[in-house]
Every structure is written in C-alpha cells, then in structure tokens.
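Peer 1: File name coords27.csv; file contents CSV, C-alpha atoms and all ligand atoms; full text below.
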chain,number,residue,atom,x,y,z
A,7,MET,CA,126.5,63.7,99.8
A,8,ARG,CA,124.1,66.5,98.6
A,9,THR,CA,125.8,69.1,96.4
A,10,LYS,CA,125.5,72.7,97.5
A,11,THR,CA,123.5,74.9,95.1
A,12,ALA,CA,124.5,78.6,94.5
A,13,THR,CA,122.6,81.6,93.2
A,14,ARG,CA,122.6,81.3,89.4
A,15,SER,CA,121.2,83.3,86.4
A,16,PHE,CA,118.3,81.0,86.0
A,17,GLY,CA,117.6,80.1,89.6
A,18,THR,CA,117.9,76.7,91.2
A,19,GLY,CA,115.3,74.0,91.9
A,20,SER,CA,116.5,73.3,95.4
A,21,ARG,CA,117.2,75.6,98.3
A,22,GLU,CA,118.6,73.0,100.7
A,23,GLY,CA,122.2,73.7,101.5
A,24,HIS,CA,122.0,76.7,99.2
A,25,ASP,CA,125.0,79.0,99.1
A,26,SER,CA,123.7,82.6,98.8
A,27,SER,CA,126.9,84.3,99.7
A,28,ALA,CA,127.5,85.6,96.2
A,29,PHE,CA,124.0,87.2,96.2
A,30,TYR,CA,124.5,88.9,99.6
A,31,ALA,CA,128.0,90.1,98.5
A,32,ARG,CA,126.4,92.2,95.7
A,33,LYS,CA,126.5,96.0,95.9
A,34,MET,CA,122.7,96.1,96.5
A,35,TYR,CA,123.4,94.9,100.0
A,36,SER,CA,126.4,97.1,100.8
A,37,GLY,CA,124.5,99.6,102.9
A,38,THR,CA,122.7,97.0,105.1
A,39,ARG,CA,123.5,97.7,108.7
A,40,CYS,CA,123.5,94.2,110.2
A,41,ASN,CA,125.3,94.2,113.5
A,42,ASP,CA,126.7,90.9,114.9
A,43,THR,CA,127.5,92.2,118.4
A,44,TYR,CA,125.1,91.5,121.2
A,45,GLU,CA,124.2,94.5,123.4
A,46,ALA,CA,123.2,93.8,127.0
A,47,VAL,CA,119.6,92.9,127.4
A,48,ASN,CA,117.5,94.5,130.1
A,49,SER,CA,114.3,93.4,131.8
A,50,VAL,CA,111.1,95.4,131.9
A,51,PRO,CA,110.5,96.1,135.6
A,52,GLY,CA,108.2,93.6,137.1
A,53,ASP,CA,105.7,96.3,138.1
A,54,TYR,CA,105.3,97.3,134.5
A,55,LEU,CA,104.6,93.9,133.1
A,56,ASP,CA,101.1,93.2,131.9
A,57,ARG,CA,100.2,96.9,132.1
A,58,ILE,CA,98.5,99.3,129.7
A,59,PHE,CA,99.9,102.8,130.1
A,60,HIS,CA,97.3,105.5,129.4
A,61,HIS,CA,99.4,108.0,127.5
A,62,SER,CA,100.9,108.5,124.1
A,63,SER,CA,103.4,105.8,122.9
A,64,GLU,CA,105.6,108.6,121.5
A,65,ASP,CA,107.2,108.4,124.9
A,66,MET,CA,107.7,104.9,126.3
A,67,SER,CA,110.1,105.9,129.0
A,68,GLU,CA,108.7,103.2,131.4
A,69,LEU,CA,110.5,100.7,129.2
A,70,PRO,CA,114.3,100.2,129.4
A,71,ASP,CA,116.4,100.0,126.3
A,72,ASN,CA,116.8,96.5,124.9
A,73,SER,CA,114.0,94.9,126.9
A,74,VAL,CA,111.1,93.8,124.6
A,75,ALA,CA,111.1,90.8,122.3
A,76,LEU,CA,108.3,91.7,119.9
A,77,MET,CA,106.2,94.8,119.0
A,78,VAL,CA,102.9,94.0,117.3
A,79,THR,CA,100.6,96.8,116.4
A,80,SER,CA,98.1,98.4,114.1
A,81,PRO,CA,98.4,102.2,114.2
A,82,PRO,CA,95.6,104.8,114.2
A,83,TYR,CA,95.2,105.5,110.4
A,84,ASN,CA,94.4,109.2,110.6
A,85,VAL,CA,91.2,108.6,108.6
A,86,GLY,CA,88.6,110.2,110.9
A,87,LYS,CA,88.0,107.5,113.5
A,88,ASP,CA,87.0,109.0,116.9
A,89,TYR,CA,90.6,108.8,118.2
A,90,ASP,CA,92.1,110.2,115.0
A,91,GLU,CA,93.5,113.7,114.6
A,92,ASP,CA,93.5,115.3,111.1
A,93,LEU,CA,97.2,115.3,110.4
A,94,SER,CA,98.8,115.9,107.0
A,95,LEU,CA,100.6,112.9,105.5
A,96,ASP,CA,104.0,114.4,106.6
A,97,GLU,CA,102.7,115.0,110.1
A,98,TYR,CA,101.3,111.5,110.3
A,99,LEU,CA,104.4,109.8,109.1
A,100,THR,CA,106.5,111.9,111.5
A,101,PHE,CA,104.2,110.7,114.4
A,102,LEU,CA,104.7,107.1,113.4
A,103,LYS,CA,108.4,107.6,113.1
A,104,ARG,CA,108.5,108.8,116.7
A,105,VAL,CA,106.7,105.7,117.9
A,106,LEU,CA,108.9,103.4,115.7
A,107,GLY,CA,112.0,105.2,117.1
A,108,GLU,CA,111.0,104.5,120.7
A,109,THR,CA,110.2,100.9,119.6
A,110,TYR,CA,113.7,100.5,118.2
A,111,ARG,CA,115.2,101.7,121.5
A,112,VAL,CA,113.2,99.2,123.6
A,113,LEU,CA,113.5,96.1,121.4
A,114,VAL,CA,116.3,93.6,122.3
A,115,PRO,CA,118.9,93.0,119.6
A,116,GLY,CA,117.2,90.7,117.2
A,117,GLY,CA,113.8,91.8,118.5
A,118,ARG,CA,111.0,92.0,116.0
A,119,VAL,CA,108.3,94.4,114.8
A,120,ALA,CA,105.1,93.2,113.2
A,121,PHE,CA,103.3,96.3,111.9
A,122,ASN,CA,99.8,95.8,110.5
A,123,VAL,CA,98.8,98.4,108.1
A,124,ALA,CA,96.2,98.9,105.3
A,125,ASN,CA,96.7,101.3,102.4
A,126,LEU,CA,94.3,104.2,102.0
A,127,GLY,CA,92.1,106.0,99.5
A,128,ARG,CA,92.0,105.8,95.7
A,129,ARG,CA,92.5,109.3,94.4
A,130,PRO,CA,95.3,108.7,94.7
A,131,TYR,CA,96.1,105.5,96.6
A,132,ILE,CA,98.3,106.2,99.7
A,133,PRO,CA,100.8,103.3,100.0
A,134,LEU,CA,101.3,103.4,103.7
A,135,ASN,CA,103.0,100.0,103.6
A,136,SER,CA,105.8,101.5,101.4
A,137,TYR,CA,106.1,104.7,103.5
A,138,ILE,CA,106.3,102.8,106.8
A,139,ALA,CA,108.8,100.4,105.4
A,140,GLY,CA,110.9,103.3,104.3
A,141,ILE,CA,110.7,105.0,107.7
A,142,ALA,CA,111.6,101.8,109.6
A,143,CYS,CA,114.6,101.2,107.3
A,144,GLU,CA,115.7,104.8,107.9
A,145,LEU,CA,115.6,104.2,111.6
A,146,GLY,CA,117.9,101.2,111.1
A,147,PHE,CA,115.4,98.3,111.2
A,148,LEU,CA,116.2,95.4,109.0
A,149,MET,CA,113.2,94.3,107.0
A,150,ARG,CA,112.4,90.6,107.2
A,151,GLY,CA,109.3,90.5,104.9
A,152,GLU,CA,105.8,91.5,104.2
A,153,ILE,CA,102.8,89.4,105.1
A,154,ILE,CA,99.7,89.8,103.0
A,155,TRP,CA,96.8,89.3,105.4
A,156,VAL,CA,93.8,88.2,103.4
A,157,LYS,CA,90.7,89.1,105.4
A,158,GLY,CA,88.4,87.0,103.4
A,159,LYS,CA,84.7,87.3,102.7
A,160,GLY,CA,84.0,90.3,105.0
A,161,ALA,CA,86.2,92.5,102.9
A,162,ALA,CA,84.8,91.2,99.6
A,163,GLY,CA,81.4,92.8,100.2
A,164,SER,CA,82.6,96.2,99.0
A,165,CYS,CA,81.0,97.6,95.8
A,166,ALA,CA,83.4,100.5,95.5
A,167,TRP,CA,84.5,99.3,92.0
A,168,GLY,CA,84.5,102.7,90.4
A,169,SER,CA,83.1,102.7,86.8
A,170,TRP,CA,80.9,99.5,86.6
A,171,MET,CA,82.1,97.2,83.8
A,172,SER,CA,83.8,100.1,82.0
A,173,ALA,CA,87.4,100.9,81.4
A,174,ASN,CA,86.6,104.6,82.2
A,175,ASN,CA,87.8,104.3,85.8
A,176,PRO,CA,87.6,100.9,87.4
A,177,THR,CA,88.9,100.8,91.0
A,178,LEU,CA,90.7,98.0,92.8
A,179,ARG,CA,89.0,96.7,96.0
A,180,ASP,CA,91.6,95.6,98.5
A,181,LEU,CA,90.8,92.2,100.2
A,182,HIS,CA,94.0,92.4,102.2
A,183,GLU,CA,96.1,94.3,104.6
A,184,TYR,CA,99.8,94.1,105.3
A,185,VAL,CA,101.9,93.0,108.2
A,186,LEU,CA,105.4,94.5,107.8
A,187,VAL,CA,108.1,92.6,109.7
A,188,PHE,CA,111.4,94.0,110.8
A,189,SER,CA,114.3,93.1,113.1
A,190,LYS,CA,116.5,95.3,115.2
A,191,GLN,CA,120.3,95.0,114.4
A,192,ARG,CA,120.3,91.3,113.6
A,193,PHE,CA,118.0,88.6,112.3
A,194,ASP,CA,118.5,85.9,114.9
A,195,ARG,CA,117.9,86.1,118.6
A,196,ALA,CA,120.8,86.3,121.1
A,197,GLY,CA,119.1,84.5,124.0
A,198,LYS,CA,117.7,81.0,124.1
A,199,GLY,CA,114.1,80.2,125.0
A,200,ARG,CA,111.3,77.7,124.4
A,201,SER,CA,109.5,78.0,121.1
A,202,THR,CA,105.8,77.2,121.2
A,203,ILE,CA,104.8,76.9,117.5
A,204,SER,CA,103.4,73.7,116.2
A,205,ARG,CA,104.6,72.1,112.9
A,206,ASP,CA,101.5,73.0,111.0
A,207,GLU,CA,101.3,76.5,112.3
A,208,PHE,CA,105.0,77.0,111.4
A,209,MET,CA,104.4,75.8,107.9
A,210,ALA,CA,101.5,78.2,107.5
A,211,ALA,CA,103.1,81.1,109.3
A,212,THR,CA,106.3,81.1,107.2
A,213,THR,CA,104.4,81.7,104.0
A,214,SER,CA,103.7,85.3,103.0
A,215,ILE,CA,100.0,85.0,102.6
A,216,TRP,CA,97.9,84.5,105.7
A,217,HIS,CA,94.1,83.9,105.6
A,218,ILE,CA,92.6,85.0,108.9
A,219,PRO,CA,89.0,86.3,109.3
A,220,PRO,CA,88.7,89.9,110.5
A,221,GLU,CA,87.5,90.8,114.0
A,222,SER,CA,84.0,92.4,114.5
A,223,ALA,CA,84.3,96.0,115.5
A,224,ARG,CA,80.8,96.0,116.9
A,225,LYS,CA,81.3,93.0,119.1
A,226,LEU,CA,84.4,94.5,120.8
A,227,GLY,CA,83.2,98.1,120.9
A,228,HIS,CA,86.3,99.4,119.1
A,229,PRO,CA,86.3,100.7,115.5
A,230,ALA,CA,89.3,98.9,114.3
A,231,PRO,CA,90.4,95.8,116.2
A,232,PHE,CA,92.6,93.1,114.6
A,233,PRO,CA,91.9,89.4,115.3
A,234,VAL,CA,93.6,87.8,118.3
A,235,ALA,CA,94.4,84.8,115.9
A,236,LEU,CA,96.6,87.1,113.8
A,237,VAL,CA,98.6,88.2,116.9
A,238,GLU,CA,98.8,84.7,118.3
A,239,ARG,CA,100.4,83.5,115.1
A,240,LEU,CA,103.0,86.3,115.2
A,241,ILE,CA,103.8,85.7,118.9
A,242,HIS,CA,104.3,82.0,118.4
A,243,LEU,CA,106.4,82.6,115.3
A,244,TYR,CA,108.6,85.4,116.6
A,245,THR,CA,109.0,85.0,120.4
A,246,PHE,CA,109.9,82.5,123.0
A,247,GLU,CA,107.7,81.6,125.9
A,248,ASN,CA,107.4,84.2,128.7
A,249,GLU,CA,108.9,87.0,126.6
A,250,VAL,CA,107.5,90.5,126.5
A,251,VAL,CA,105.2,91.7,123.7
A,252,LEU,CA,104.6,95.4,123.2
A,253,ASP,CA,101.7,97.1,121.5
A,254,PRO,CA,102.1,100.9,121.4
A,255,PHE,CA,98.5,101.3,120.1
A,256,MET,CA,96.7,98.8,122.3
A,257,GLY,CA,93.1,99.7,121.4
A,258,SER,CA,90.7,97.0,122.7
A,259,GLY,CA,93.7,94.9,123.9
A,260,SER,CA,93.9,92.2,121.2
A,261,THR,CA,97.6,92.0,121.6
A,262,ALA,CA,97.4,91.7,125.4
A,263,VAL,CA,94.8,89.0,125.1
A,264,ALA,CA,96.9,87.1,122.6
A,265,ALA,CA,100.0,87.4,124.8
A,266,ALA,CA,98.1,86.1,127.8
A,267,LEU,CA,96.8,83.2,125.9
A,268,CYS,CA,100.2,82.4,124.5
A,269,ASN,CA,101.9,82.5,127.9
A,270,ARG,CA,103.8,85.7,127.2
A,271,ARG,CA,103.9,89.0,129.1
A,272,TYR,CA,102.5,92.2,127.5
A,273,VAL,CA,102.9,95.9,127.9
A,274,GLY,CA,101.0,98.6,126.0
A,275,TYR,CA,100.0,102.2,125.5
A,276,GLU,CA,96.6,103.6,124.7
A,277,ILE,CA,95.4,107.2,124.8
A,278,GLU,CA,91.7,106.6,125.1
A,279,ALA,CA,90.5,105.6,128.6
A,280,LYS,CA,87.4,103.8,127.2
A,281,TYR,CA,89.6,101.4,125.2
A,282,VAL,CA,91.8,100.8,128.2
A,283,SER,CA,88.7,99.7,130.1
A,284,ILE,CA,87.6,97.4,127.2
A,285,CYS,CA,91.0,95.9,127.3
A,286,ARG,CA,90.9,95.3,131.0
A,287,GLN,CA,87.5,93.7,130.7
A,288,ARG,CA,88.7,91.3,128.0
A,289,LEU,CA,91.7,90.3,130.1
A,290,ALA,CA,89.5,89.8,133.1
A,291,GLU,CA,87.2,87.5,131.1
A,292,ILE,CA,90.1,85.3,129.9
A,293,ASN,CA,91.7,85.2,133.3
A,294,GLY,CA,88.4,84.5,134.9
A,295,THR,CA,89.3,87.1,137.6
A,296,GLN,CA,89.0,90.8,138.1
A,297,LEU,CA,92.3,92.5,137.2
A,298,CYS,CA,94.0,94.7,139.8
A,299,PRO,CA,92.8,98.3,139.3
A,300,CYS,CA,96.4,99.5,139.1
A,301,ALA,CA,96.8,97.7,135.8
A,302,HIS,CA,95.5,100.8,134.2
A,303,THR,CA,98.0,103.5,134.9
A,304,GLN,CA,97.9,107.2,134.2
A,305,LYS,CA,101.4,108.5,133.4
A,306,SER,CA,100.8,111.4,135.8
A,307,ALA,CA,100.1,109.0,138.6
A,308,GLN,CA,103.6,107.5,138.2
A,309,GLY,CA,105.5,110.7,139.0
A,401,LIG,C1,93.9,100.7,115.0
A,401,LIG,S1,93.6,101.0,116.7
A,401,LIG,C2,94.3,99.6,117.4
A,401,LIG,C3,93.4,98.5,117.6
A,401,LIG,C4,93.9,97.2,118.3
A,401,LIG,N1,94.9,96.6,117.5
A,401,LIG,C5,92.8,96.3,118.7
A,401,LIG,O1,92.8,95.1,118.3
A,401,LIG,O2,91.8,96.7,119.3
A,401,LIG,C6,94.7,102.3,117.2
A,401,LIG,C7,94.6,102.7,118.6
A,401,LIG,O3,95.7,103.6,118.9
A,401,LIG,C8,95.2,104.5,119.8
A,401,LIG,N2,96.1,105.7,119.8
A,401,LIG,C9,96.0,106.8,118.9
A,401,LIG,N3,97.1,107.6,119.1
A,401,LIG,C10,97.8,107.0,120.1
A,401,LIG,C11,99.0,107.4,120.8
A,401,LIG,N4,99.7,108.5,120.5
A,401,LIG,N5,99.5,106.6,121.8
A,401,LIG,C12,98.8,105.5,122.1
A,401,LIG,N6,97.7,105.1,121.6
A,401,LIG,C13,97.2,105.8,120.6
A,401,LIG,C14,93.8,104.8,119.4
A,401,LIG,O4,93.0,105.3,120.5
A,401,LIG,C15,93.3,103.4,118.9
A,401,LIG,O5,92.6,102.7,120.0
Take the structure in the file and give it back as structure tokens.
Ligand SMILES: C[S@@+](CC[C@H](N)C(=O)[O-])C[C@H]1O[C@@H](n2cnc3c(N)ncnc32)[C@H](O)[C@@H]1O
Peer 2:
Amino acid sequence: MRTKTATRSFGTGSREGHDSSAFYARKMYSGTRCNDTYEAVNSVPGDYLDRIFHHSSEDMSELPDNSVALMVTSPPYNVGKDYDEDLSLDEYLTFLKRVLGETYRVLVPGGRVAFNVANLGRRPYIPLNSYIAGIACELGFLMRGEIIWVKGKGAAGSCAWGSWMSANNPTLRDLHEYVLVFSKQRFDRAGKGRSTISRDEFMAATTSIWHIPPESARKLGHPAPFPVALVERLIHLYTFENEVVLDPFMGSGSTAVAAALCNRRYVGYEIEAKYVSICRQRLAEINGTQLCPCAHTQKSAQG
C-alpha cells in the first residue's frame, strides 16, 4: 500500500495521496470563506440564452442569481481605446468591482471566473492583476490560480527596452498577460455534467503557463480581441457541456464563438453597437446561417 505523504519542512517528492490538512489548518487560511452548502441553482431564461445585451454589464439584471457556470472576459483597460473613458485608477477599479459583484451574484455555487488582464505602463508599472485579485477576494471569490498567457512572437517585437544596453533605466518588455481564475463559494461543482476536455488538453491546461498566439485586431475589426483558442481551453477545463458562459465585455464576440464551438450556451454584454454587429457576423459565419435579428437586444427594448 502506498504511504500517505504530508506537508513537511523540506517538501515531499510525491503528491499522490498527499495529506495537506496540516497546511490548510494554518492561521494563514483562517479567514478563507469556503462554503460547503449548495444554494439552489437557477436557469437563464431560454429567451436570453445566446444573446448579447447592448448595455453596460454593471447591471446584468436579465440574469438570475446562481445561473451561470463560467465568466470569461477581458475588460476595457482604460488606456485610450475608442471605447475607453478616462477614469482615474480608483474610478476604474470601482467600475470593475461593480461588474465583478454582478458576476458573483449570477454565478452558480462553484462557478468560475477567468479574467484576462495585462498590466499597464512603466512609470510606474500598474499591476492590474494584483488589484483585480484583491477586489475579487474582497467580494468573496476564492482564488484558484493565475495563468501566465505567453503570447509568443507577436509580443516580442517591441523595442521599448528603455536605456539600450545600459543600467541607467532598462525596461522589462512583457511577453505575457494573465488569466486570473476564481470560484464562487466552493471549488468543486455541485451539479454533474459531461466534461469535454481531452487528455492532452487537460495536461496542458492544468499547468500555469499557456502558450497561445494572439488574435489579429485588424482581421476582426476590434482593437483588443483575445484568441478563441484561449477561451475554448478555459471552457473545456471549467465547464460541462451545454452550460452557460458569460462575457460581460463581449467585444468582437470571441467568447460567444468559443462557446458555440464547444457546445455551450453564451450570454454577453457590450456597449458598442459596432462590436455587437461584428459578434453577430462571426456567429453567423460559424453557424452558416443568418442569426435572428433579435439576438442583439437593446435594454430599452426589453421594458
Ligand atoms: C478588451 S475588449 C473585449 C474584447 C473581447 N474579448 C474580444 O475578443 O473581442 C472590452 C470590451 O468591453 C466593452 N465595454 C466597455 N465598457 C463596457 C461596459 N460598461 N459594459 C459592457 N461592455 C463594455 C468595450 O466596448 C470593448 O469592446
């Protein structure tokens, strides 16, 4: 019989059958709000499935509490893109907190957030990944981990290295972004479902460094799309078949496209009508059909 290992001063070579209870009993974990009760799960009304709502995701009142399995998003960065306002850092983080608060409400117990973010600037560097992790934890989310998304060659072309070959002021050039991963209330999922991830994909997706090429902004007509492959991997890893995936900042619709390709349902929010149109066009292309015009819904039209 294999002997159980336990957390020890100098680590242990094997993790199989590992007893980590002593580690999690330490005071560092005493404030963690993990909740083992299952709240009732609701369904997103059928009329709202596979829809992009054309208004701010600060209000997601179309979606019932406890109804969405996964939120995947990349937020507006407040850096001067055409859809960006010029918010102070505090105002910007307060805005993200409102959206993350609504996300917390609509996720099922055990539901997940995969939040793609890049850090900004150099003078000084703004560590949005740390600020957003802090906000999510304040809201009660349980952090599961942080994926380093290495975007590869496209990102390596930058020559913003500061002082050239001089210690005067050399600057780091980021080749990566982050995907911050959280759970609501508990780490496992209450309901059962069919998982769709392959063995090889599971092995790659459960490491913290993902190599996925970036998406072309020009090709999609959106200034900051993320690749469908990134979202597909997150969907396969964190949801069961047919579950609902939310993107509160839908942009050109990469999350909706990935959800459709993975046999999931999507729901999203986007304030710019031109991006809602791009999203509908992309979905029509993968469905091979024209989408119903009511798929793009103005909040005002819903009464
Ligand atoms: C970084 S982009 C998302 C890109 C998307 N992941 C894609 O692949 O195309 C952020 C998007 O959020 C939208 N946006 C900004 N503020 C918003 C808000 N309050 N509610 C909903 N969408 C918003 C912007 O118009 C922009 O398209």
Peer 1: As an exercise, work out the distance from atom C7 of ligand LIG 401 (chain A) to CA of Thr261 in chain A in Å and give it to one decimal place.
Peer 2: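 Taking atom C7 of ligand LIG 401 (chain A) as the start and CA of Thr261 in chain A as the end point, the length is 11.5 Å.
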Peer 1: Residues up to 9 Å from ligand LIG 401 (chain A), counting only C-alpha atoms and all ligand atoms: could you list those as a ChimeraX atom specification?
Peer 2: /A:59-65,78-84,87-91,101-102,105,122-123,221,223,226-234,253-261,274-282,284-285
Peer 1: Record the distance separating CA of Met66 in chain A and CA of Ile132 in chain A, expressed in Å with one decimal.
Peer 2: 28.2 Å
Peer 1: A:Ser67, A:Arg129, A:Ile138, A:Met149: which is nearest Gln191 in chain A, counting all atoms listed in the file?
Peer 2: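 Closest candidate: A:Met149.
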Peer 1: For each of A:Gly140, A:Pro115, A:Pro130, A:Pro176, take the minimum atom-to-atom distance to Phe193 in chain A, counting all atoms listed in the file, then give the residue where this is smallest.
Peer 2: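 For Phe193 in chain A, the nearest of the given residues is A:Pro115.
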Peer 1: With only C-alpha atoms as the basis for distance, which of A:Lys33, A:Ile153, A:Ala265, A:Trp167 is at the shortest distance from Ala210 in chain A?
Peer 2: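 Among the listed residues, the smallest separation from Ala210 in chain A belongs to A:Ile153.
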Peer 1: Take CA of Arg179 in chain A and CA of Thr213 in chain A and report the distance between them in Å, one decimal.
Peer 2: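 Distance between the two atoms: 22.9 Å.
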Peer 1: Using only C-alpha atoms, find each residue in range 224-296 of chain A having at least one atom no more than 12 Å away from range 51-54 of chain A; report its shortest atom-to-atom pair and that distance in Å (one decimal), rows by chain then rising number, as JSON lines.
Peer 2:
{"residue": "A:Val250", "atom": "CA", "partner": "A:Tyr54", "partner_atom": "CA", "distance": 10.7}
{"residue": "A:Leu252", "atom": "CA", "partner": "A:Tyr54", "partner_atom": "CA", "distance": 11.5}
{"residue": "A:Arg271", "atom": "CA", "partner": "A:Tyr54", "partner_atom": "CA", "distance": 10.0}
{"residue": "A:Tyr272", "atom": "CA", "partner": "A:Tyr54", "partner_atom": "CA", "distance": 9.1}
{"residue": "A:Val273", "atom": "CA", "partner": "A:Tyr54", "partner_atom": "CA", "distance": 7.2}
{"residue": "A:Gly274", "atom": "CA", "partner": "A:Tyr54", "partner_atom": "CA", "distance": 9.6}
{"residue": "A:Tyr275", "atom": "CA", "partner": "A:Tyr54", "partner_atom": "CA", "distance": 11.5}
Peer 1: Might you pull out every residue within 12 Å of range 239-241 of chain A, with all atoms listed in the file counted and same-chain residues fewer than 6 positions away left off, and present them as a PyMOL selection string?
Peer 2: chain A and resi 75-79+117-122+153+155+185-187+201-204+206-213+216-218+233+247-253+261-272
Peer 1: If you keep N, CA and C atoms, can you output range 207-221 of chain A as a short mmCIF file (atom, residue, chain, number, x, y, z; two decimals), in the first residue's frame?
Peer 2:
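The result, written out as part_10.cif:
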data_model
loop_
_atom_site.label_atom_id
_atom_site.label_comp_id
_atom_site.auth_asym_id
_atom_site.auth_seq_id
_atom_site.Cartn_x
_atom_site.Cartn_y
_atom_site.Cartn_z
N GLU A 207 -5.16 17.97 -23.72
CA GLU A 207 -5.58 19.34 -23.42
C GLU A 207 -5.62 19.54 -21.89
N PHE A 208 -6.09 18.52 -21.18
CA PHE A 208 -6.14 18.62 -19.72
C PHE A 208 -4.73 18.77 -19.14
N MET A 209 -3.80 17.98 -19.67
CA MET A 209 -2.42 18.06 -19.17
C MET A 209 -1.85 19.45 -19.40
N ALA A 210 -2.12 20.03 -20.58
CA ALA A 210 -1.59 21.37 -20.88
C ALA A 210 -2.34 22.44 -20.08
N ALA A 211 -3.65 22.28 -19.97
CA ALA A 211 -4.48 23.35 -19.36
C ALA A 211 -4.29 23.43 -17.85
N THR A 212 -3.82 22.36 -17.23
CA THR A 212 -3.65 22.41 -15.77
C THR A 212 -2.24 22.86 -15.37
N THR A 213 -1.44 23.29 -16.33
CA THR A 213 -0.19 23.97 -15.96
C THR A 213 -0.47 25.47 -15.96
N SER A 214 0.40 26.23 -15.30
CA SER A 214 0.12 27.67 -15.14
C SER A 214 0.67 28.52 -16.27
N ILE A 215 1.33 27.93 -17.24
CA ILE A 215 1.85 28.72 -18.37
C ILE A 215 1.24 28.19 -19.65
N TRP A 216 0.52 29.06 -20.34
CA TRP A 216 -0.15 28.68 -21.59
C TRP A 216 0.48 29.47 -22.74
N HIS A 217 0.86 28.75 -23.79
CA HIS A 217 1.39 29.39 -25.00
C HIS A 217 0.28 29.39 -26.05
N ILE A 218 -0.29 30.51 -26.32
CA ILE A 218 -1.36 30.62 -27.33
C ILE A 218 -1.12 31.91 -28.11
N PRO A 219 -1.03 31.83 -29.46
CA PRO A 219 -0.77 33.05 -30.24
C PRO A 219 -1.89 34.07 -30.08
N PRO A 220 -1.55 35.36 -30.14
CA PRO A 220 -2.58 36.39 -30.01
C PRO A 220 -3.49 36.44 -31.25
N GLU A 221 -4.61 37.11 -31.12
CA GLU A 221 -5.55 37.28 -32.24
C GLU A 221 -5.22 38.59 -32.95
#
